[in-house]
Amino acid sequence: MNNIEYNKPLYASDTKHFHSSSHPMKKRVLSIQSHVVSGYVGNKAAVFPLQLLGYDVDIINSVQFSNHTGYAQGFKGDVLQGDQLTSLLQGMEQNGLLADVGHLLTGYIGSASFLQAVINVITQLRASNYHSKEVVRFVCDPVLGDNGKLYVPKELVEIYRTQVLPLANVVTPNQFEVEQLTGISVYTEVDAKRACRVLLDMGPNLVFITSCVLVEEENKQYAEDDDEKEKTIAILAAQRLTTTGEEEDDEFLRIDSPLYPGSFTGTGDLTASLLLAHTEDGLNIKDAMEKVINTVHAVIRRTHEASTSSSNNTTDNRACYARELKLIASKADIENPPQIFQAVRI
């Protein structure tokens, strides 16, 4: 057994936390993502935090798998088809269940036909809500791949670029996905800002790069040759504030967060859900970014500590299971994010 205290804030009582307030009635969220029976990715990582933060969530599982795909012995399960998604939406529509949906959240989508069906979903939702992009917010996590490898058919990249992102309010790619969507290789902060502008030009007014290893920072950290030096990962946000004629006013923010060894699946899904929650009411993007990243870091740190204490489990599957996000144990941090990391304007 590990000694991590569950349902208590990860940090000491003298650590500052964001002010907790009762949650007023929120607009309903329709979340279309993957589902796993065991573990916390896709909807399993996104729905619980949203509910804790006061949201009623309608859930459609794009796939239902036994576990995430990183397990050594594979996985079993089923994939929802585009026509099945359409049928589910028709059932909701005929019972008047779409009229008060205020947010669409999407994650892993594995086929072009299903992605086209999702495009129809946001179109239908906005038609049910007076065709307004302001009434139904679309938070899109364009899950394409990571670490130089595509997880989905390559044809989805162009569909996201030309059809999905123009409809999105918020987009939350990782570094690899940014490069796929923009054609820009992101090595430096300057590259990242340039790529963000390209994404903003596609339609969203908020771009949130969930993880980015920048070459100049990586070289700097390794050049210090200090084993005790904490490695970090950059998270960047870009918001289009106003457009005056042909001049765009864009705001850029950055947080550097500790990089823990190992792979923690589901952090992107968690990030997108928290971003949806903390930006709904027009919260200052700096404050929203700090709440999101401090929460995600608390979850990752708790997961890392738990997996380290379980290091005697040497089989691949047990090690993978030990790194499943400790989401339930992080309830208090989701509700009251610690104030450890601050966003800086760049």
# chains A, B, ... in the order shown; residues from 1 in each chain; ligands from 1
>>> select_by_dssp(residues="range 103-327 of chain A", states="strand (DSSP E or B)", output="PyMOL selection string")
chain A and resi 103-106+137-140+145-146+149-150+170-171+206-212+232-244+247-258
>>> closest_residue(among="A:Ala272, A:Leu214, A:Ile235, A:Leu88", to="Val171 in chain A", atoms="only C-alpha atoms")
A:Ala272
>>> residues_around(residues="Ala237 in chain A", least_positions_apart="6", cutoff="7 Å", atoms="only C-alpha atoms", output="list in words")
Val207, Phe208, Ile209, Phe252, Leu253 and Arg254 of chain A
>>> residues_around(residues="Ser257 in chain A", least_positions_apart="2", cutoff="12 Å", atoms="only C-alpha atoms", output="ChimeraX atom specification")
/A:210-213,230-236,254-255,259-260,290,292-298,300-301,340-343
>>> select_by_dssp(residues="range 119-161 of chain A", states="alpha helix (DSSP H)", output="PyMOL selection string")
chain A and resi 119-128+155-159
>>> residues_around(residues="Val41 in chain A", least_positions_apart="6", cutoff="9 Å", atoms="only C-alpha atoms", output="ChimeraX atom specification")
/A:33-35,67-68,265-270,324-325
>>> write_last_selection(atoms="C-alpha atoms", output="compact mmCIF listing (two decimals), in the first residue's frame")
# COMPACT_ATOMS: atom_id res chain seq x y z
CA GLN A 33 -14.51 10.70 -26.71
CA SER A 34 -13.07 7.26 -26.14
CA HIS A 35 -13.97 5.12 -23.13
CA ASN A 67 -8.02 -0.49 -21.36
CA HIS A 68 -5.95 2.09 -23.19
CA THR A 265 -1.93 8.55 -20.62
CA GLY A 266 -5.05 10.72 -20.46
CA THR A 267 -3.46 14.02 -19.44
CA GLY A 268 -4.53 15.70 -22.69
CA ASP A 269 -8.14 14.61 -22.14
CA LEU A 270 -8.01 15.94 -18.59
CA GLU A 324 -3.09 5.26 -14.61
CA LEU A 325 -4.07 8.77 -13.54
>>> residues_around(residues="Asn284 in chain A", least_positions_apart="3", cutoff="12 Å", atoms="only C-alpha atoms", output="number ranges by chain")
A: 239, 241, 251, 253, 275, 278-281, 287-291, 343
>>> residues_around(residues="Phe75 in chain A", least_positions_apart="5", cutoff="12 Å", atoms="only C-alpha atoms", output="PyMOL selection string")
chain A and resi 36-38+63-70+317
>>> write_last_selection(atoms="N, CA, C and O atoms", output="short mmCIF file (atom, residue, chain, number, x, y, z; two decimals), in the first residue's frame")
data_model
loop_
_atom_site.label_atom_id
_atom_site.label_comp_id
_atom_site.auth_asym_id
_atom_site.auth_seq_id
_atom_site.Cartn_x
_atom_site.Cartn_y
_atom_site.Cartn_z
N VAL A 36 -12.67 3.72 -21.67
CA VAL A 36 -12.02 2.48 -21.25
C VAL A 36 -12.71 1.96 -20.00
O VAL A 36 -13.15 2.74 -19.15
N VAL A 37 -12.81 0.63 -19.91
CA VAL A 37 -13.41 0.02 -18.73
C VAL A 37 -12.50 0.25 -17.52
O VAL A 37 -12.95 0.64 -16.44
N SER A 38 -11.21 0.01 -17.71
CA SER A 38 -10.23 0.19 -16.64
C SER A 38 -9.28 1.33 -17.00
O SER A 38 -8.74 1.36 -18.11
N VAL A 63 -15.25 4.97 -28.76
CA VAL A 63 -14.83 3.57 -28.68
C VAL A 63 -15.08 3.11 -27.26
O VAL A 63 -15.14 3.91 -26.32
N GLN A 64 -15.22 1.81 -27.09
CA GLN A 64 -15.28 1.23 -25.74
C GLN A 64 -14.26 0.10 -25.70
O GLN A 64 -14.46 -0.96 -26.30
N PHE A 65 -13.16 0.37 -25.01
CA PHE A 65 -12.06 -0.59 -24.93
C PHE A 65 -11.90 -1.08 -23.50
O PHE A 65 -12.30 -0.41 -22.55
N SER A 66 -11.27 -2.23 -23.37
CA SER A 66 -11.01 -2.79 -22.04
C SER A 66 -10.04 -1.92 -21.27
O SER A 66 -10.15 -1.78 -20.04
N ASN A 67 -9.08 -1.31 -21.96
CA ASN A 67 -8.02 -0.49 -21.36
C ASN A 67 -7.41 0.34 -22.48
O ASN A 67 -7.73 0.14 -23.66
N HIS A 68 -6.55 1.29 -22.13
CA HIS A 68 -5.95 2.09 -23.19
C HIS A 68 -4.94 1.26 -23.98
O HIS A 68 -4.51 0.19 -23.56
N THR A 69 -4.56 1.78 -25.13
CA THR A 69 -3.82 0.98 -26.10
C THR A 69 -2.34 0.81 -25.77
O THR A 69 -1.62 0.14 -26.51
N GLY A 70 -1.88 1.38 -24.66
CA GLY A 70 -0.48 1.27 -24.31
C GLY A 70 -0.10 0.00 -23.56
O GLY A 70 1.09 -0.22 -23.30
N ASN A 317 2.55 -4.75 -17.80
CA ASN A 317 1.16 -4.40 -17.56
C ASN A 317 0.95 -3.80 -16.18
O ASN A 317 0.17 -2.86 -16.01
#
>>> closest_residue(among="A:Ala117, A:Cys196, A:Cys140, A:Ile334", to="Pro166 in chain A", atoms="only C-alpha atoms")
A:Cys140
>>> closest_residue(among="A:Asp58, A:Asp83, A:Asp78, A:Asp141", to="Gly107 in chain A", atoms="only C-alpha atoms")
A:Asp141
>>> atom_distance(atom1="CA of Leu167 in chain A", atom2="CA of Leu80 in chain A")
22.6 Å
>>> closest_residue(among="A:Leu156, A:Leu276, A:Ser62, A:Glu93", to="Phe138 in chain A", atoms="only C-alpha atoms")
A:Leu276
>>> atom_distance(atom1="CA of Ile59 in chain A", atom2="CA of Leu274 in chain A")
16.1 Å
>>> atom_distance(atom1="CA of Val178 in chain A", atom2="CA of Leu53 in chain A")
28.5 Å
>>> decode(residues="range 125-160 of chain A", atoms="N, CA, C and O atoms", output="tab-separated table (two decimals), in the first residue's frame")
chain	number	residue	atom	x	y	z
A	125	LEU	N	-26.12	21.06	-33.36
A	125	LEU	CA	-26.25	21.71	-32.05
A	125	LEU	C	-26.44	23.21	-32.20
A	125	LEU	O	-27.28	23.81	-31.52
A	126	ARG	N	-25.68	23.81	-33.08
A	126	ARG	CA	-25.81	25.26	-33.26
A	126	ARG	C	-27.11	25.62	-33.96
A	126	ARG	O	-27.68	26.68	-33.70
A	127	ALA	N	-27.61	24.72	-34.80
A	127	ALA	CA	-28.92	24.94	-35.42
A	127	ALA	C	-30.02	24.87	-34.36
A	127	ALA	O	-30.98	25.64	-34.39
A	128	SER	N	-29.84	23.97	-33.40
A	128	SER	CA	-30.82	23.84	-32.31
A	128	SER	C	-30.73	25.00	-31.34
A	128	SER	O	-31.63	25.21	-30.52
A	129	ASN	N	-29.62	25.75	-31.40
A	129	ASN	CA	-29.40	26.87	-30.49
A	129	ASN	C	-29.21	28.17	-31.27
A	129	ASN	O	-28.31	28.96	-30.98
A	130	TYR	N	-30.03	28.35	-32.30
A	130	TYR	CA	-30.07	29.60	-33.07
A	130	TYR	C	-28.77	29.88	-33.82
A	130	TYR	O	-28.38	31.02	-34.00
A	131	HIS	N	-28.10	28.83	-34.25
A	131	HIS	CA	-26.95	28.96	-35.15
A	131	HIS	C	-25.81	29.79	-34.55
A	131	HIS	O	-25.01	30.34	-35.29
A	132	SER	N	-25.72	29.88	-33.25
A	132	SER	CA	-24.74	30.79	-32.66
A	132	SER	C	-23.50	30.06	-32.19
A	132	SER	O	-23.57	29.12	-31.41
A	133	LYS	N	-22.32	30.54	-32.66
A	133	LYS	CA	-21.05	29.99	-32.19
A	133	LYS	C	-20.82	30.38	-30.73
A	133	LYS	O	-20.05	29.76	-30.03
A	134	GLU	N	-21.49	31.44	-30.27
A	134	GLU	CA	-21.34	31.87	-28.89
A	134	GLU	C	-22.21	31.04	-27.96
A	134	GLU	O	-21.91	30.88	-26.79
A	135	VAL	N	-23.33	30.52	-28.45
A	135	VAL	CA	-24.24	29.74	-27.62
A	135	VAL	C	-23.67	28.34	-27.38
A	135	VAL	O	-23.69	27.83	-26.26
A	136	VAL	N	-23.16	27.68	-28.40
A	136	VAL	CA	-22.59	26.35	-28.25
A	136	VAL	C	-21.08	26.42	-28.51
A	136	VAL	O	-20.64	26.59	-29.64
A	137	ARG	N	-20.29	26.32	-27.44
A	137	ARG	CA	-18.84	26.35	-27.56
A	137	ARG	C	-18.33	24.97	-27.94
A	137	ARG	O	-18.78	23.95	-27.40
A	138	PHE	N	-17.36	24.93	-28.82
A	138	PHE	CA	-16.78	23.69	-29.30
A	138	PHE	C	-15.32	23.66	-28.86
A	138	PHE	O	-14.50	24.44	-29.35
A	139	VAL	N	-15.02	22.76	-27.91
A	139	VAL	CA	-13.65	22.56	-27.45
A	139	VAL	C	-13.14	21.28	-28.10
A	139	VAL	O	-13.64	20.19	-27.81
A	140	CYS	N	-12.15	21.43	-28.95
A	140	CYS	CA	-11.69	20.32	-29.78
A	140	CYS	C	-10.27	19.91	-29.39
A	140	CYS	O	-9.34	20.72	-29.49
A	141	ASP	N	-10.12	18.68	-28.95
A	141	ASP	CA	-8.80	18.09	-28.76
A	141	ASP	C	-8.52	17.24	-30.00
A	141	ASP	O	-9.05	16.14	-30.14
A	142	PRO	N	-7.71	17.75	-30.93
A	142	PRO	CA	-7.51	17.06	-32.21
A	142	PRO	C	-6.51	15.91	-32.06
A	142	PRO	O	-5.35	16.03	-32.43
A	143	VAL	N	-6.97	14.81	-31.53
A	143	VAL	CA	-6.08	13.68	-31.23
A	143	VAL	C	-5.61	13.05	-32.53
A	143	VAL	O	-6.37	12.35	-33.22
A	144	LEU	N	-4.36	13.30	-32.85
A	144	LEU	CA	-3.75	12.76	-34.08
A	144	LEU	C	-2.60	11.81	-33.77
A	144	LEU	O	-2.40	10.82	-34.49
A	145	GLY	N	-1.85	12.09	-32.72
A	145	GLY	CA	-0.70	11.26	-32.40
A	145	GLY	C	0.21	11.96	-31.42
A	145	GLY	O	-0.14	13.00	-30.85
A	146	ASP	N	1.40	11.42	-31.25
A	146	ASP	CA	2.37	12.00	-30.33
A	146	ASP	C	3.73	11.36	-30.60
A	146	ASP	O	3.82	10.30	-31.22
A	147	ASN	N	4.76	12.04	-30.14
A	147	ASN	CA	6.13	11.50	-30.25
A	147	ASN	C	6.48	11.07	-31.68
A	147	ASN	O	7.08	10.01	-31.90
A	148	GLY	N	6.04	11.88	-32.65
A	148	GLY	CA	6.38	11.61	-34.04
A	148	GLY	C	5.57	10.55	-34.73
A	148	GLY	O	5.87	10.16	-35.86
A	149	LYS	N	4.49	10.08	-34.10
A	149	LYS	CA	3.72	8.96	-34.67
A	149	LYS	C	2.24	9.30	-34.71
A	149	LYS	O	1.66	9.76	-33.72
A	150	LEU	N	1.62	9.08	-35.87
A	150	LEU	CA	0.17	9.26	-36.00
A	150	LEU	C	-0.56	8.07	-35.39
A	150	LEU	O	-0.17	6.92	-35.58
A	151	TYR	N	-1.64	8.37	-34.65
A	151	TYR	CA	-2.51	7.33	-34.10
A	151	TYR	C	-3.71	7.07	-35.00
A	151	TYR	O	-4.45	6.10	-34.79
A	152	VAL	N	-3.95	7.94	-35.96
A	152	VAL	CA	-5.17	7.91	-36.77
A	152	VAL	C	-4.79	7.96	-38.24
A	152	VAL	O	-3.64	8.29	-38.59
A	153	PRO	N	-5.73	7.65	-39.15
A	153	PRO	CA	-5.42	7.77	-40.58
A	153	PRO	C	-5.00	9.19	-40.93
A	153	PRO	O	-5.57	10.17	-40.43
A	154	LYS	N	-4.02	9.32	-41.82
A	154	LYS	CA	-3.47	10.63	-42.16
A	154	LYS	C	-4.51	11.56	-42.76
A	154	LYS	O	-4.40	12.79	-42.62
A	155	GLU	N	-5.53	11.01	-43.39
A	155	GLU	CA	-6.55	11.86	-44.02
A	155	GLU	C	-7.29	12.72	-43.00
A	155	GLU	O	-7.85	13.77	-43.34
A	156	LEU	N	-7.26	12.34	-41.72
A	156	LEU	CA	-7.95	13.12	-40.71
A	156	LEU	C	-7.29	14.48	-40.48
A	156	LEU	O	-7.95	15.43	-40.09
A	157	VAL	N	-6.00	14.57	-40.74
A	157	VAL	CA	-5.28	15.83	-40.53
A	157	VAL	C	-5.92	16.93	-41.38
A	157	VAL	O	-6.19	18.04	-40.88
A	158	GLU	N	-6.16	16.65	-42.64
A	158	GLU	CA	-6.73	17.67	-43.54
A	158	GLU	C	-8.17	17.99	-43.16
A	158	GLU	O	-8.61	19.15	-43.27
A	159	ILE	N	-8.92	16.99	-42.69
A	159	ILE	CA	-10.30	17.25	-42.28
A	159	ILE	C	-10.32	18.18	-41.07
A	159	ILE	O	-11.12	19.12	-40.99
A	160	TYR	N	-9.45	17.91	-40.11
A	160	TYR	CA	-9.35	18.81	-38.96
A	160	TYR	C	-8.99	20.22	-39.42
A	160	TYR	O	-9.59	21.22	-38.98
